[in-house]
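Trainee: Below is one structure. I have some questions about it.
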Amino acid sequence: MSTLFTDREKGFETKFRIDQETTFKIEARRNKLLGLWLAKKLGLPENEHEAYAKDVVLADLKEPGVEDVMRKVMKDVSDRAADLPESDVRQKLTDLRATAYEQITAK
């Protein structure tokens, strides 16, 4: 009987690990998509879009949640004097999470 519980526990641990990895991948993809979208909105040259998107992804590694990403991108918006309200960026972040989810889980 204890083997059954041990196997079940291992199964739950494996599922939790896989769920965590999937969540990380979805959030990283969402941030990359946000970076690509913002690069266009900020008027960055096309050859800098991927690098900017990578910077947005890396910004999310500082703390849990999206506030580190929001601080980074809103500073960039401010520095470039772009007319892009924070509410629009947050809405785009929400929309892109759904897109990222579809892209990651379709694999």
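Here's how to read the names in the structure tokens: chain A, B, ... by the order shown, residue numbers from 1 in each chain, ligand numbers from 1 in the order shown.
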Which residues are close to segment 39-51 of chain A, i.e. within 12 Å by only C-alpha atoms, leaving aside same-chain residues fewer than 5 positions away? Reply as a list in words.
Mentor: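 Returned residues: Asn31, Lys32, Leu33, Leu34, Val56, Val57, Leu58, Val73, Met74, Lys75, Asp76, Val77, Ser78, Asp79, Arg80, Ala81, Ala82, Asp83, Leu84, Pro85, Asp88 and Val89 of chain A.
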Trainee: Taking N, CA and C atoms for each residue, export the selection above as a PDB file, in the first residue's frame.
Mentor:
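The resulting part-v1.pdb:
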ATOM      1  N   ASN A  31       6.405  37.503 -22.790  1.00  0.00           N
ATOM      2  CA  ASN A  31       7.296  38.654 -22.666  1.00  0.00           C
ATOM      3  C   ASN A  31       8.046  38.934 -23.964  1.00  0.00           C
ATOM      4  N   LYS A  32       8.431  37.875 -24.665  1.00  0.00           N
ATOM      5  CA  LYS A  32       9.099  38.069 -25.951  1.00  0.00           C
ATOM      6  C   LYS A  32       8.146  38.729 -26.943  1.00  0.00           C
ATOM      7  N   LEU A  33       6.910  38.234 -26.988  1.00  0.00           N
ATOM      8  CA  LEU A  33       5.919  38.833 -27.883  1.00  0.00           C
ATOM      9  C   LEU A  33       5.654  40.289 -27.516  1.00  0.00           C
ATOM     10  N   LEU A  34       5.610  40.579 -26.225  1.00  0.00           N
ATOM     11  CA  LEU A  34       5.435  41.963 -25.780  1.00  0.00           C
ATOM     12  C   LEU A  34       6.608  42.816 -26.241  1.00  0.00           C
ATOM     13  N   VAL A  56      13.376  42.306 -22.576  1.00  0.00           N
ATOM     14  CA  VAL A  56      12.098  42.244 -21.857  1.00  0.00           C
ATOM     15  C   VAL A  56      11.958  40.897 -21.150  1.00  0.00           C
ATOM     16  N   VAL A  57      12.335  39.829 -21.828  1.00  0.00           N
ATOM     17  CA  VAL A  57      12.280  38.497 -21.208  1.00  0.00           C
ATOM     18  C   VAL A  57      13.181  38.460 -19.974  1.00  0.00           C
ATOM     19  N   LEU A  58      14.386  38.972 -20.098  1.00  0.00           N
ATOM     20  CA  LEU A  58      15.340  38.959 -18.982  1.00  0.00           C
ATOM     21  C   LEU A  58      14.872  39.824 -17.816  1.00  0.00           C
ATOM     22  N   VAL A  73       9.499  48.232 -19.240  1.00  0.00           N
ATOM     23  CA  VAL A  73       8.919  48.712 -20.491  1.00  0.00           C
ATOM     24  C   VAL A  73       8.346  50.126 -20.352  1.00  0.00           C
ATOM     25  N   MET A  74       7.779  50.445 -19.201  1.00  0.00           N
ATOM     26  CA  MET A  74       7.238  51.800 -19.042  1.00  0.00           C
ATOM     27  C   MET A  74       8.368  52.830 -18.964  1.00  0.00           C
ATOM     28  N   LYS A  75       9.514  52.438 -18.424  1.00  0.00           N
ATOM     29  CA  LYS A  75      10.674  53.332 -18.443  1.00  0.00           C
ATOM     30  C   LYS A  75      11.111  53.557 -19.886  1.00  0.00           C
ATOM     31  N   ASP A  76      11.122  52.485 -20.683  1.00  0.00           N
ATOM     32  CA  ASP A  76      11.492  52.606 -22.087  1.00  0.00           C
ATOM     33  C   ASP A  76      10.503  53.489 -22.840  1.00  0.00           C
ATOM     34  N   VAL A  77       9.222  53.325 -22.542  1.00  0.00           N
ATOM     35  CA  VAL A  77       8.187  54.163 -23.163  1.00  0.00           C
ATOM     36  C   VAL A  77       8.435  55.620 -22.803  1.00  0.00           C
ATOM     37  N   SER A  78       8.701  55.878 -21.538  1.00  0.00           N
ATOM     38  CA  SER A  78       8.956  57.240 -21.073  1.00  0.00           C
ATOM     39  C   SER A  78      10.229  57.814 -21.697  1.00  0.00           C
ATOM     40  N   ASP A  79      11.294  57.014 -21.719  1.00  0.00           N
ATOM     41  CA  ASP A  79      12.577  57.481 -22.270  1.00  0.00           C
ATOM     42  C   ASP A  79      12.463  57.851 -23.741  1.00  0.00           C
ATOM     43  N   ARG A  80      11.592  57.160 -24.464  1.00  0.00           N
ATOM     44  CA  ARG A  80      11.438  57.440 -25.896  1.00  0.00           C
ATOM     45  C   ARG A  80      10.257  58.376 -26.174  1.00  0.00           C
ATOM     46  N   ALA A  81       9.654  58.870 -25.086  1.00  0.00           N
ATOM     47  CA  ALA A  81       8.528  59.802 -25.188  1.00  0.00           C
ATOM     48  C   ALA A  81       7.420  59.253 -26.098  1.00  0.00           C
ATOM     49  N   ALA A  82       7.174  57.967 -25.981  1.00  0.00           N
ATOM     50  CA  ALA A  82       6.124  57.338 -26.779  1.00  0.00           C
ATOM     51  C   ALA A  82       4.769  57.568 -26.112  1.00  0.00           C
ATOM     52  N   ASP A  83       3.762  57.733 -26.924  1.00  0.00           N
ATOM     53  CA  ASP A  83       2.404  57.934 -26.417  1.00  0.00           C
ATOM     54  C   ASP A  83       1.739  56.566 -26.277  1.00  0.00           C
ATOM     55  N   LEU A  84       2.054  55.907 -25.161  1.00  0.00           N
ATOM     56  CA  LEU A  84       1.551  54.562 -24.933  1.00  0.00           C
ATOM     57  C   LEU A  84       1.214  54.420 -23.456  1.00  0.00           C
ATOM     58  N   PRO A  85      -0.079  54.485 -23.123  1.00  0.00           N
ATOM     59  CA  PRO A  85      -0.473  54.397 -21.716  1.00  0.00           C
ATOM     60  C   PRO A  85      -0.188  53.021 -21.113  1.00  0.00           C
ATOM     61  N   ASP A  88      -2.711  50.296 -21.740  1.00  0.00           N
ATOM     62  CA  ASP A  88      -2.622  49.609 -23.027  1.00  0.00           C
ATOM     63  C   ASP A  88      -1.568  48.499 -22.989  1.00  0.00           C
ATOM     64  N   VAL A  89      -0.453  48.787 -22.322  1.00  0.00           N
ATOM     65  CA  VAL A  89       0.612  47.785 -22.219  1.00  0.00           C
ATOM     66  C   VAL A  89       0.130  46.598 -21.382  1.00  0.00           C
TER      67      VAL A  89
END
Trainee: List every residue of chain A that DSSP, applied to the backbone of this structure, places in alpha helix (DSSP H), and write the result as a PyMOL selection string.
Mentor: chain A and resi 2-41+49-59+67-79+86-105
Trainee: Excluding same-chain residues fewer than 4 positions from Glu27 of chain A, what lies within 8 Å of it counting only C-alpha atoms, as a PyMOL selection string?
Mentor: chain A and resi 23+31+97+100
Trainee: Selection from above, N, CA and C atoms, as a short mmCIF file (atom, residue, chain, number, x, y, z; two decimals), in the first residue's frame, can you write it?
Mentor:
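To be explicit, this is the file written out as again32.cif:
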data_model
loop_
_atom_site.label_atom_id
_atom_site.label_comp_id
_atom_site.auth_asym_id
_atom_site.auth_seq_id
_atom_site.Cartn_x
_atom_site.Cartn_y
_atom_site.Cartn_z
N THR A 23 4.46 26.94 -17.30
CA THR A 23 4.14 28.32 -16.93
C THR A 23 5.31 29.23 -17.24
N ASN A 31 6.40 37.50 -22.79
CA ASN A 31 7.30 38.65 -22.67
C ASN A 31 8.05 38.93 -23.96
N ARG A 97 -0.61 36.76 -23.34
CA ARG A 97 -0.50 35.54 -22.54
C ARG A 97 -1.34 34.44 -23.17
N ALA A 100 0.55 33.25 -26.20
CA ALA A 100 1.71 32.45 -25.78
C ALA A 100 1.25 31.07 -25.30
#
Trainee: Smallest atom-to-atom distance to Ile26 of chain A: which of A:Ser87, A:Thr14, A:Thr3, A:Thr94, using only C-alpha atoms?
Mentor: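 Smallest separation from Ile26 of chain A among the options: A:Thr94.
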